[in-house]
Structure formats: C-alpha cells, structure tokens
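**Student:** Please find start.cif (mmCIF, C-alpha atoms) on the next line:
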data_work
loop_
_atom_site.group_PDB
_atom_site.id
_atom_site.type_symbol
_atom_site.label_atom_id
_atom_site.label_comp_id
_atom_site.auth_asym_id
_atom_site.auth_seq_id
_atom_site.Cartn_x
_atom_site.Cartn_y
_atom_site.Cartn_z
ATOM 1 C CA MET A 1 -6.455 17.835 -126.918
ATOM 2 C CA ASN A 2 -6.226 21.589 -126.363
ATOM 3 C CA PHE A 3 -3.179 23.755 -126.945
ATOM 4 C CA VAL A 4 -2.207 27.287 -125.943
ATOM 5 C CA THR A 5 -1.331 28.853 -129.291
ATOM 6 C CA GLY A 6 -0.634 32.388 -128.128
ATOM 7 C CA TYR A 7 -0.377 34.348 -124.900
ATOM 8 C CA CYS A 8 0.216 37.836 -123.589
ATOM 9 C CA ARG A 9 1.603 38.796 -120.186
ATOM 10 C CA LEU A 10 1.228 42.308 -118.888
ATOM 11 C CA ASN A 11 2.230 43.816 -115.556
ATOM 12 C CA GLU A 12 3.172 47.285 -114.265
ATOM 13 C CA ASP A 13 6.542 47.247 -116.027
ATOM 14 C CA PHE A 14 6.413 45.215 -119.216
ATOM 15 C CA CYS A 15 4.212 43.673 -121.860
ATOM 16 C CA ALA A 16 5.274 40.334 -123.368
ATOM 17 C CA VAL A 17 3.755 38.288 -126.173
ATOM 18 C CA ASN A 18 4.563 34.589 -126.442
ATOM 19 C CA GLY A 19 7.355 35.066 -123.888
ATOM 20 C CA GLU A 20 9.044 38.011 -125.620
ATOM 21 C CA VAL A 21 8.935 41.503 -124.157
ATOM 22 C CA ILE A 22 7.483 43.891 -126.751
ATOM 23 C CA SER A 23 7.111 46.981 -124.593
ATOM 24 C CA ARG A 24 8.539 48.394 -121.395
ATOM 25 C CA ARG A 25 6.928 51.123 -119.367
ATOM 26 C CA ASP A 26 8.461 54.574 -119.661
ATOM 27 C CA VAL A 27 7.985 56.056 -116.199
ATOM 28 C CA ASP A 28 8.707 59.557 -117.544
ATOM 29 C CA SER A 29 5.973 59.413 -120.174
ATOM 30 C CA GLU A 30 2.938 61.656 -119.807
ATOM 31 C CA ASP A 31 0.808 58.811 -121.146
ATOM 32 C CA SER A 32 -0.594 56.049 -118.993
ATOM 33 C CA TRP A 33 1.156 52.697 -119.306
ATOM 34 C CA PHE A 34 -1.609 51.115 -121.411
ATOM 35 C CA LYS A 35 -1.745 54.179 -123.642
ATOM 36 C CA GLN A 36 1.998 53.867 -124.173
ATOM 37 C CA ILE A 37 1.514 50.322 -125.471
ATOM 38 C CA TYR A 38 -1.440 51.388 -127.642
ATOM 39 C CA LYS A 39 0.615 54.127 -129.283
ATOM 40 C CA GLU A 40 3.826 52.102 -129.608
ATOM 41 C CA GLN A 41 1.963 49.278 -131.304
ATOM 42 C CA GLU A 42 0.171 51.788 -133.563
ATOM 43 C CA PHE A 43 -3.316 50.515 -132.852
ATOM 44 C CA VAL A 44 -6.164 52.543 -134.339
ATOM 45 C CA TYR A 45 -9.339 52.108 -132.312
ATOM 46 C CA PRO A 46 -10.456 55.455 -130.820
ATOM 47 C CA LYS A 47 -12.870 53.723 -128.441
ATOM 48 C CA PHE A 48 -9.766 52.528 -126.561
ATOM 49 C CA TYR A 49 -9.459 55.979 -124.984
ATOM 50 C CA LYS A 50 -12.939 55.706 -123.500
ATOM 51 C CA MET A 51 -12.415 52.277 -121.955
ATOM 52 C CA ASP A 52 -11.595 51.599 -118.322
ATOM 53 C CA LEU A 53 -8.301 49.884 -117.464
ATOM 54 C CA LEU A 54 -9.823 46.397 -117.423
ATOM 55 C CA SER A 55 -11.170 46.788 -120.952
ATOM 56 C CA GLN A 56 -7.981 48.463 -122.170
ATOM 57 C CA ALA A 57 -5.957 45.524 -120.850
ATOM 58 C CA GLY A 58 -8.331 43.031 -122.488
ATOM 59 C CA PHE A 59 -8.211 44.946 -125.772
ATOM 60 C CA LEU A 60 -4.403 45.084 -125.790
ATOM 61 C CA GLY A 61 -3.962 41.426 -124.845
ATOM 62 C CA ALA A 62 -6.470 40.162 -127.414
ATOM 63 C CA GLU A 63 -5.117 42.342 -130.215
ATOM 64 C CA LEU A 64 -1.492 41.463 -129.485
ATOM 65 C CA ILE A 65 -2.266 37.730 -129.474
ATOM 66 C CA LYS A 66 -4.097 38.121 -132.800
ATOM 67 C CA ARG A 67 -1.162 40.021 -134.299
ATOM 68 C CA ALA A 68 1.273 37.325 -133.245
ATOM 69 C CA ASN A 69 -0.943 34.591 -134.666
ATOM 70 C CA LEU A 70 -2.921 35.839 -137.637
ATOM 71 C CA ARG A 71 -4.776 32.537 -137.909
ATOM 72 C CA VAL A 72 -6.641 33.290 -134.652
ATOM 73 C CA ALA A 73 -8.977 35.878 -136.132
ATOM 74 C CA GLY A 74 -9.952 34.190 -139.359
ATOM 75 C CA SER A 75 -10.133 30.465 -138.720
ATOM 76 C CA TYR A 76 -13.382 30.189 -136.805
ATOM 77 C CA PRO A 77 -17.035 31.085 -137.378
ATOM 78 C CA ASP A 78 -18.153 33.950 -135.145
ATOM 79 C CA ASP A 79 -19.884 31.652 -132.649
ATOM 80 C CA GLU A 80 -17.048 29.164 -132.165
ATOM 81 C CA ILE A 81 -14.673 31.343 -130.141
ATOM 82 C CA ALA A 82 -15.541 31.413 -126.439
ATOM 83 C CA MET A 83 -14.161 33.833 -123.875
ATOM 84 C CA ILE A 84 -13.364 32.753 -120.339
ATOM 85 C CA PHE A 85 -12.039 35.470 -118.061
ATOM 86 C CA ALA A 86 -11.498 35.848 -114.342
ATOM 87 C CA ASN A 87 -9.914 38.071 -111.718
ATOM 88 C CA SER A 88 -10.079 38.611 -107.973
ATOM 89 C CA SER A 89 -10.997 42.306 -107.688
ATOM 90 C CA SER A 90 -13.903 42.408 -110.128
ATOM 91 C CA SER A 91 -14.317 46.018 -111.337
ATOM 92 C CA THR A 92 -13.299 47.567 -107.993
ATOM 93 C CA ASP A 93 -10.656 49.805 -109.589
ATOM 94 C CA THR A 94 -13.274 51.428 -111.840
ATOM 95 C CA ASP A 95 -15.918 51.389 -109.109
ATOM 96 C CA MET A 96 -13.583 53.501 -106.959
ATOM 97 C CA ARG A 97 -12.889 55.919 -109.818
ATOM 98 C CA PHE A 98 -16.619 56.275 -110.392
ATOM 99 C CA LEU A 99 -17.190 56.896 -106.699
ATOM 100 C CA ARG A 100 -14.514 59.594 -106.695
ATOM 101 C CA SER A 101 -16.077 61.260 -109.774
ATOM 102 C CA TYR A 102 -19.398 61.277 -107.961
ATOM 103 C CA GLU A 103 -17.972 62.747 -104.753
ATOM 104 C CA GLY A 104 -15.623 65.208 -106.432
ATOM 105 C CA ASN A 105 -17.817 67.282 -108.689
ATOM 106 C CA SER A 106 -21.307 65.848 -108.214
ATOM 107 C CA SER A 107 -21.434 65.074 -111.942
ATOM 108 C CA PRO A 108 -20.746 61.352 -112.132
ATOM 109 C CA SER A 109 -19.485 60.242 -115.513
ATOM 110 C CA PRO A 110 -21.963 58.015 -117.418
ATOM 111 C CA SER A 111 -19.141 56.620 -119.554
ATOM 112 C CA LEU A 112 -17.289 55.557 -116.401
ATOM 113 C CA PHE A 113 -20.440 54.075 -114.921
ATOM 114 C CA VAL A 114 -20.894 51.651 -117.827
ATOM 115 C CA TYR A 115 -17.594 50.008 -116.873
ATOM 116 C CA THR A 116 -18.583 49.290 -113.279
ATOM 117 C CA LEU A 117 -19.046 45.604 -114.072
ATOM 118 C CA PRO A 118 -16.115 43.271 -114.767
ATOM 119 C CA ASN A 119 -17.659 41.497 -117.756
ATOM 120 C CA ILE A 120 -17.868 44.658 -119.887
ATOM 121 C CA VAL A 121 -14.405 43.796 -121.200
ATOM 122 C CA LEU A 122 -15.907 40.679 -122.775
ATOM 123 C CA GLY A 123 -18.457 42.816 -124.588
ATOM 124 C CA GLU A 124 -15.757 45.173 -125.835
ATOM 125 C CA ILE A 125 -13.704 42.308 -127.287
ATOM 126 C CA ALA A 126 -16.821 40.612 -128.700
ATOM 127 C CA ILE A 127 -18.007 43.812 -130.410
ATOM 128 C CA LEU A 128 -14.602 44.532 -131.896
ATOM 129 C CA ASN A 129 -14.050 41.003 -133.209
ATOM 130 C CA LYS A 130 -17.673 40.032 -133.809
ATOM 131 C CA TRP A 131 -17.170 36.970 -131.625
ATOM 132 C CA TYR A 132 -20.548 35.720 -130.460
ATOM 133 C CA GLY A 133 -19.548 32.525 -128.683
ATOM 134 C CA GLU A 134 -20.053 31.612 -125.036
ATOM 135 C CA ASN A 135 -18.444 33.914 -122.498
ATOM 136 C CA MET A 136 -18.123 34.226 -118.767
ATOM 137 C CA PHE A 137 -16.222 36.274 -116.204
ATOM 138 C CA ALA A 138 -15.556 34.641 -112.841
ATOM 139 C CA ILE A 139 -14.343 36.201 -109.606
ATOM 140 C CA LEU A 140 -11.775 33.903 -107.991
ATOM 141 C CA PRO A 141 -9.312 34.342 -105.115
ATOM 142 C CA ASN A 142 -6.277 33.611 -107.323
ATOM 143 C CA PHE A 143 -5.272 32.541 -110.826
ATOM 144 C CA GLU A 144 -6.475 28.952 -110.968
ATOM 145 C CA PRO A 145 -5.507 26.838 -114.033
ATOM 146 C CA GLY A 146 -8.126 24.224 -113.188
ATOM 147 C CA PHE A 147 -10.924 26.754 -113.616
ATOM 148 C CA TYR A 148 -9.992 27.418 -117.250
ATOM 149 C CA ILE A 149 -9.435 23.756 -118.067
ATOM 150 C CA ASN A 150 -12.811 22.755 -116.614
ATOM 151 C CA TYR A 151 -14.724 25.613 -118.170
ATOM 152 C CA LEU A 152 -13.090 25.014 -121.559
ATOM 153 C CA ASN A 153 -14.639 21.538 -121.483
ATOM 154 C CA ILE A 154 -18.046 23.084 -120.863
ATOM 155 C CA THR A 155 -17.743 25.556 -123.739
ATOM 156 C CA LYS A 156 -16.386 22.789 -125.961
ATOM 157 C CA SER A 157 -19.496 20.713 -125.253
ATOM 158 C CA GLY A 158 -21.529 23.731 -126.360
ATOM 159 C CA GLY A 159 -19.824 23.838 -129.751
ATOM 160 C CA SER A 160 -16.868 26.172 -129.157
ATOM 161 C CA LYS A 161 -13.701 25.234 -131.027
ATOM 162 C CA ALA A 162 -11.384 27.833 -129.513
ATOM 163 C CA ALA A 163 -11.289 30.242 -126.601
ATOM 164 C CA LEU A 164 -9.652 33.434 -125.512
ATOM 165 C CA CYS A 165 -8.961 33.067 -121.800
ATOM 166 C CA GLY A 166 -7.739 35.665 -119.384
ATOM 167 C CA TRP A 167 -6.734 36.620 -115.889
ATOM 168 C CA LEU A 168 -7.246 40.395 -115.654
ATOM 169 C CA GLU A 169 -6.330 41.639 -112.196
ATOM 170 C CA ILE A 170 -6.037 45.419 -111.953
ATOM 171 C CA LEU A 171 -6.301 47.356 -108.728
ATOM 172 C CA GLU A 172 -4.841 50.645 -107.501
ATOM 173 C CA GLY A 173 -1.863 50.661 -109.859
ATOM 174 C CA LYS A 174 -1.156 46.932 -109.643
ATOM 175 C CA VAL A 175 -1.419 45.114 -112.964
ATOM 176 C CA ASP A 176 -1.421 41.350 -113.307
ATOM 177 C CA VAL A 177 -2.768 40.348 -116.719
ATOM 178 C CA PHE A 178 -2.428 37.076 -118.584
ATOM 179 C CA LEU A 179 -4.404 36.348 -121.751
ATOM 180 C CA PHE A 180 -4.048 33.118 -123.687
ATOM 181 C CA PHE A 181 -5.679 31.617 -126.753
ATOM 182 C CA VAL A 182 -6.649 27.956 -126.723
ATOM 183 C CA GLU A 183 -7.270 25.821 -129.818
ATOM 184 C CA GLU A 184 -7.871 22.157 -130.468
ATOM 185 C CA ASN A 185 -5.373 20.059 -132.385
ATOM 186 C CA GLU A 186 -2.908 22.864 -133.065
ATOM 187 C CA GLU A 187 0.171 20.992 -131.998
ATOM 188 C CA THR A 188 2.518 23.910 -132.603
ATOM 189 C CA GLY A 189 1.234 25.288 -129.308
ATOM 190 C CA THR A 190 1.831 24.370 -125.685
ATOM 191 C CA PRO A 191 -0.320 21.452 -124.455
ATOM 192 C CA LEU A 192 -2.995 22.808 -122.155
ATOM 193 C CA ASN A 193 -2.659 21.371 -118.663
ATOM 194 C CA ALA A 194 -2.489 22.875 -115.185
ATOM 195 C CA GLU A 195 1.287 22.621 -114.961
ATOM 196 C CA ASN A 196 1.940 24.347 -118.310
ATOM 197 C CA LEU A 197 -0.618 27.037 -117.632
ATOM 198 C CA ALA A 198 0.906 27.809 -114.218
ATOM 199 C CA SER A 199 4.334 27.873 -115.813
ATOM 200 C CA LEU A 200 3.288 30.371 -118.513
ATOM 201 C CA PHE A 201 1.540 32.502 -115.897
ATOM 202 C CA ASN A 202 4.534 32.570 -113.542
ATOM 203 C CA HIS A 203 7.235 32.974 -116.192
ATOM 204 C CA LYS A 204 8.817 36.408 -115.940
ATOM 205 C CA PRO A 205 10.663 37.445 -119.092
ATOM 206 C CA SER A 206 14.049 39.004 -118.330
ATOM 207 C CA ILE A 207 14.063 42.789 -118.662
ATOM 208 C CA ASN A 208 17.411 44.259 -119.702
ATOM 209 C CA MET B 1 -14.348 83.262 -134.402
ATOM 210 C CA ASP B 2 -17.271 82.257 -132.185
ATOM 211 C CA THR B 3 -15.703 81.682 -128.757
ATOM 212 C CA LEU B 4 -18.629 79.636 -127.455
ATOM 213 C CA LYS B 5 -18.373 77.171 -130.356
ATOM 214 C CA GLU B 6 -14.608 76.843 -129.962
ATOM 215 C CA ASP B 7 -15.026 76.274 -126.223
ATOM 216 C CA LEU B 8 -17.701 73.646 -126.898
ATOM 217 C CA LYS B 9 -15.363 71.725 -129.204
ATOM 218 C CA LYS B 10 -12.629 71.690 -126.548
ATOM 219 C CA GLN B 11 -15.117 70.675 -123.860
ATOM 220 C CA ILE B 12 -16.501 67.833 -125.984
ATOM 221 C CA ILE B 13 -13.001 66.505 -126.689
ATOM 222 C CA GLU B 14 -12.166 66.666 -122.972
ATOM 223 C CA GLN B 15 -15.445 65.258 -121.651
ATOM 224 C CA LEU B 16 -15.721 62.455 -124.217
ATOM 225 C CA ASN B 17 -12.017 61.486 -124.268
ATOM 226 C CA LEU B 18 -11.723 62.045 -128.018
ATOM 227 C CA GLU B 19 -7.942 61.945 -127.900
ATOM 228 C CA ASP B 20 -7.283 61.591 -131.623
ATOM 229 C CA ILE B 21 -9.429 64.611 -132.480
ATOM 230 C CA THR B 22 -8.594 68.329 -132.354
ATOM 231 C CA PRO B 23 -11.057 71.246 -132.362
ATOM 232 C CA ALA B 24 -10.045 71.929 -135.973
ATOM 233 C CA ASP B 25 -11.377 68.484 -136.944
ATOM 234 C CA ILE B 26 -14.895 69.421 -135.838
ATOM 235 C CA SER B 27 -16.785 71.746 -138.132
ATOM 236 C CA ASP B 28 -19.669 73.747 -136.738
ATOM 237 C CA ASP B 29 -22.283 71.920 -138.793
ATOM 238 C CA ASN B 30 -20.912 68.343 -138.464
ATOM 239 C CA LEU B 31 -23.661 65.998 -137.271
ATOM 240 C CA LEU B 32 -22.332 64.799 -133.912
ATOM 241 C CA PHE B 33 -24.066 61.400 -133.982
ATOM 242 C CA ASN B 34 -23.504 60.656 -137.647
ATOM 243 C CA GLU B 35 -20.783 58.347 -138.996
ATOM 244 C CA GLU B 36 -19.540 61.200 -141.146
ATOM 245 C CA GLY B 37 -19.447 63.450 -138.085
ATOM 246 C CA LEU B 38 -18.104 62.440 -134.688
ATOM 247 C CA ASN B 39 -20.055 59.154 -134.650
ATOM 248 C CA LEU B 40 -21.054 59.609 -131.014
ATOM 249 C CA ASP B 41 -23.170 56.992 -129.239
ATOM 250 C CA SER B 42 -25.873 56.952 -126.552
ATOM 251 C CA ILE B 43 -23.371 57.078 -123.668
ATOM 252 C CA ASP B 44 -21.768 60.106 -125.297
ATOM 253 C CA ALA B 45 -25.210 61.734 -125.338
ATOM 254 C CA LEU B 46 -25.339 61.341 -121.559
ATOM 255 C CA GLU B 47 -21.867 62.867 -121.326
ATOM 256 C CA LEU B 48 -23.089 65.874 -123.341
ATOM 257 C CA ILE B 49 -25.860 66.357 -120.785
ATOM 258 C CA VAL B 50 -23.233 66.295 -118.014
ATOM 259 C CA LEU B 51 -21.093 68.722 -120.051
ATOM 260 C CA LEU B 52 -23.900 71.271 -120.341
ATOM 261 C CA GLU B 53 -24.466 71.199 -116.608
ATOM 262 C CA LYS B 54 -20.779 71.180 -115.669
ATOM 263 C CA TYR B 55 -19.536 73.940 -117.985
ATOM 264 C CA HIS B 56 -22.685 75.974 -118.668
ATOM 265 C CA GLY B 57 -24.941 75.396 -115.674
ATOM 266 C CA ILE B 58 -27.744 74.126 -117.903
ATOM 267 C CA GLN B 59 -29.874 71.107 -117.009
ATOM 268 C CA VAL B 60 -31.464 69.249 -119.906
ATOM 269 C CA THR B 61 -34.653 67.792 -118.504
ATOM 270 C CA ASN B 62 -36.671 67.428 -121.697
ATOM 271 C CA PRO B 63 -35.304 64.575 -123.906
ATOM 272 C CA ASP B 64 -36.824 66.180 -127.030
ATOM 273 C CA GLU B 65 -34.795 69.327 -126.403
ATOM 274 C CA GLY B 66 -31.590 67.300 -126.182
ATOM 275 C CA LYS B 67 -32.349 65.563 -129.450
ATOM 276 C CA VAL B 68 -32.432 68.877 -131.280
ATOM 277 C CA ALA B 69 -29.696 70.583 -129.264
ATOM 278 C CA PHE B 70 -27.107 67.845 -129.763
ATOM 279 C CA ARG B 71 -27.316 67.698 -133.563
ATOM 280 C CA SER B 72 -24.203 69.819 -134.112
ATOM 281 C CA ILE B 73 -21.920 72.432 -132.562
ATOM 282 C CA ASN B 74 -24.138 75.102 -134.145
ATOM 283 C CA SER B 75 -27.280 73.714 -132.527
ATOM 284 C CA MET B 76 -25.562 73.261 -129.149
ATOM 285 C CA ALA B 77 -24.362 76.872 -129.175
ATOM 286 C CA GLU B 78 -27.818 78.069 -130.193
ATOM 287 C CA TYR B 79 -29.406 76.023 -127.389
ATOM 288 C CA ILE B 80 -26.996 77.403 -124.764
ATOM 289 C CA ARG B 81 -27.602 80.998 -125.866
ATOM 290 C CA LYS B 82 -31.365 80.479 -125.847
ATOM 291 C CA ARG B 83 -31.340 78.945 -122.373
ATOM 292 C CA LYS B 84 -29.156 81.720 -120.996
ATOM 293 C CA SER B 85 -31.102 84.601 -122.554
#
As structure tokens, how would this structure be written, given the file I've shared?

**Tutor:**
Amino acid sequence: MNFVTGYCRLNEDFCAVNGEVISRRDVDSEDSWFKQIYKEQEFVYPKFYKMDLLSQAGFLGAELIKRANLRVAGSYPDDEIAMIFANSSSSTDTDMRFLRSYEGNSSPSPSLFVYTLPNIVLGEIAILNKWYGENMFAILPNFEPGFYINYLNITKSGGSKAALCGWLEILEGKVDVFLFFVEENEETGTPLNAENLASLFNHKPSIN
Amino acid sequence: MDTLKEDLKKQIIEQLNLEDITPADISDDNLLFNEEGLNLDSIDALELIVLLEKYHGIQVTNPDEGKVAFRSINSMAEYIRKRKS
C-alpha cells in the first residue's frame, strides 16, 4: 500500500506544505514570486537563479517536502526514488521566453535554451539530490490521479520504493503546482488513491 | 581602476544571473571555471560568447581562442583589447 507522506501546493498567491501556508506572495516585492519563497526559506543553491520557472517550482516543491519530512532524503538508496511529473503546457512558457530573446536582440540565450524541454526539471532535482531512479514527464490535458497511481505501479515493479510526483503547470503568469512524495508502508501518511489525491490537489488552504 | 575589467564583472553577473555575487567578489585573476573561482559550467561558456558579441561586438569563432580568453577577467580584458586594436 502506498501513502502520500508529504506534499506542497503552489499557485500565484501562496505556497503551502502539508496543507499549511508557509508563504504568501508580496505583490509589491521587486523579486519574482518564486524568488520570494527562495529567499524567505533561506535556501542556498545559486543555480536556482539560472533555472526557468518550471525548474524553480520543482526545486522549491521538492526541497520544501524534504524539509517537512527529513526522512525523505536519507531513507532510500539513490536508485530507489522515482520521479513522475506531468503538466499540460510542457515547456511553452520558457519556449516563448526563448523566442522573445531570439527576436528581441538576436542573441538568444543558451542558458534559456537548455530549459526548452519540460523534463529538465527532473534532471535538476536528480542532480541536486543524487536520485538516479526511474523518471518520466508526461503531457496530459489535466491533473489526473489515475496516471500517477498507474505509473507508480510500473516504477515499483522496476525496484523503486518511493517517488516524488508532481503536477507542474506554469504558463503566462498562471501557476498550478502540486508535488507529493509517495512511500510504501508509511501509515502516518494519506493512503494513495484517486479520491485522496484529487482532494489534496483541490484543497485550498485559507489565506487570512 | 581598470574600467573594462569592472564592466566585465558587472556584465558577467548580469548575463549569467549570478545574483548572490557582486563585482567585488570577483578578483581579476580568479579562474572563472574553477571551483575556487566562479565555478562556471559549459552553458556559462556559451553565455560568455554571447556577452562578448552583445557588449563588445566581438565574435568568438575559434574555440581555442575562447579557451584561453575565458580563463579569468584579466584574460578576457586582454582578449577584448587585442581584438579591438
């Protein structure tokens, strides 16, 4: 039996970990929303500044889940944590930025170009954590709990014992991010089924 | 103070999004691709090529030239002056 043992929800206005809001967007800040979270949470990973929004969101979600559940990082060999991500807009947000950089000054940015694939975020998280398990990034019309449940069974049959899963939808200022960590036999978590996953995804923490 | 070297430091910080670094953190002889220097990577090397074209109008077409030119701020400044002379 699989359980969700940690999750992070991030949209344009707030960032919540395990259902509790940890950061709210300051619309007057000069920093981007993701940079605000990075600074508030005192992360130290300079490569963050070079990442595109998809990778920044993946970095923040993964790191915040790890912070809330310290067991996540140390309990598994490096090839037993899979990553299963999806979204509906692929890397379109970054593709458009790259296109604009190309049109604007005729010097397209190589560092932007490397992010014009959606699965780069998986590489960023894998490099940072030294997680070498199975990974995949699917493009789906909507968040679909059944996709994660089915694919978790596939990775499990390949030897994975845990997985970081994510819905990372970012496009033209809209942010809809949900990362969750799945483990076997950790009954302190939420049982993994379609109903619970949809409930965690749709739950909106109250913002005072 | 060598204005070209100071400008290069600011341009590198801007072009490479080195937000935690100030020009004062970069010494003229720091090895740019060394862990004890700025620890730049291969994508950063491409950004330096873009930087030279964008800010100094210089195209680096010979990879061997870039290898020498991008060792440090000193070598970049020397390369720019040589190409412009």

**Student:** Which of these, B:Ala77, B:Ile58, B:Val50, B:Leu32, has the shortest distance to Gln15 of chain B once you count all atoms listed in the file?

**Tutor:**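 Ranked by minimum distance to Gln15 of chain B, first place goes to B:Val50.
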
**Student:** When the PyMOL selection byres ((chain A) within 7 of (chain B)) is applied to the file above, which residues end up in the set, as a PDB file with C-alpha atoms, in the frame of the given file?

**Tutor:**
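Result saved to result-v8.pdb:
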ATOM      1  CA  PRO A  46     -10.456  55.455-130.820  1.00  0.00           C
ATOM      2  CA  TYR A  49      -9.459  55.979-124.984  1.00  0.00           C
ATOM      3  CA  LYS A  50     -12.939  55.706-123.500  1.00  0.00           C
ATOM      4  CA  SER A 107     -21.434  65.074-111.942  1.00  0.00           C
ATOM      5  CA  SER A 109     -19.485  60.242-115.513  1.00  0.00           C
ATOM      6  CA  PRO A 110     -21.963  58.015-117.418  1.00  0.00           C
ATOM      7  CA  SER A 111     -19.141  56.620-119.554  1.00  0.00           C
TER       8      SER A 111
END

**Student:** Could you tell me, as a ChimeraX atom specification, exactly which residues end up selected when the PyMOL selection byres ((chain A and resi 11) around 8) is applied to this structure?

**Tutor:** /A:9-10,12-15,174-177

**Student:** Excluding segment 188-193 of chain A and its own-chain neighbours fewer than 2 positions away, which residues fall within 6 Å of it when counting only C-alpha atoms? Please give them as a VMD selection string.

**Tutor:** chain A and resid 2 to 5 186 195 to 196

**Student:** I'd like the neighbourhood of Ile80 of chain B as a VMD selection string, where a residue qualifies if any of its atoms comes within 8 Å (using all atoms listed in the file), though same-chain residues fewer than 4 positions away should be ignored.

**Tutor:** chain B and resid 56 58 76 84

**Student:** At a cut-off of 8 Å around the point (-19.4, 33.3, -120.9) (file coordinates), what residues fall inside when counting only C-alpha atoms? I'd like the answer as a PyMOL selection string.

**Tutor:** chain A and resi 82-84+133-137

**Student:** Just checking: using all atoms listed in the file, which residue out of A:Ala138, A:Leu64, A:Ala126, A:Val27 ends up closest to Asp78 of chain A?

**Tutor:**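 Once distances to Asp78 of chain A are computed over all atoms listed in the file, the minimum belongs to A:Ala126.
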
**Student:** Exactly which residues make up the result of the PyMOL selection byres ((chain B and resi 72) around 9) on this file, given as a list in words?

**Tutor:** Ser27, Asp28, Asp29, Asn30, Leu31, Leu32, Phe33, Gly37, Val68, Ala69, Phe70, Arg71, Ile73, Asn74, Ser75, Met76 and Ala77 of chain B

**Student:** So, counting all atoms listed in the file, which residue among A:Met51, A:Ile22, A:Leu112, A:Met96 is closest to Ala68 of chain A?

**Tutor:**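 Counting all atoms listed in the file, the residue closest to Ala68 of chain A is A:Ile22.
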
**Student:** Just give me the gap between atom CA of Tyr151 of chain A and atom CA of Asn119 of chain A in Å, one decimal is fine.

**Tutor:**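 Answer for the atom CA of Tyr151 of chain A to atom CA of Asn119 of chain A separation: 16.2 Å.
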
**Student:** To one decimal place in Å, what is the distance between atom CA of Asn129 of chain A and atom CA of Gly146 of chain A?

**Tutor:**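 A separation of 26.8 Å between them.
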
**Student:** For a test of reading the model, state the distance in Å between atom CA of Ile127 of chain A and atom CA of Pro77 of chain A, rounded to one decimal.

**Tutor:**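 So the answer is 14.5 Å.
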
**Student:** Here is a test: counting all atoms listed in the file, which residue of A:Ser75, A:Gln56, A:Asn18, A:Ser89 is nearest to Ser32 of chain A?

**Tutor:**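 When distances to Ser32 of chain A are compared using all atoms listed in the file, the smallest one comes from A:Gln56.
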
**Student:** Box for segment 188-204 of chain A - axis-aligned, 3 Å on each of the six sides, all listed atoms - centre and size in Å to one decimal, as JSON.

**Tutor:**
{"center_x": 2.9, "center_y": 28.9, "center_z": -123.1, "size_x": 17.8, "size_y": 21.0, "size_z": 25.1}

**Student:** Would you mind telling me which residue in A:Glu184, A:Asp52, A:Asp28, A:Glu40 lies nearest to Asp93 of chain A when using only C-alpha atoms?

**Tutor:**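 Nearest to Asp93 of chain A: A:Asp52.
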
**Student:** For a quick check of your reading of the model, name the residues lying within 8 Å of the coordinate (6.8, 30.4, -121.8), counting all atoms listed in the file, and write them as a list in words.

**Tutor:**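 Counting all atoms listed in the file, I find these residues within 8 Å of (6.8, 30.4, -121.8): Asn18, Gly19, Ser199, Leu200 and His203 of chain A.
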
**Student:** Under the rule that all atoms listed in the file are counted, which of B:Lys67, B:Lys82, B:Lys5, B:Lys10 is the nearest residue to Pro23 of chain B?

**Tutor:**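 Closest to Pro23 of chain B of all the choices is B:Lys10.
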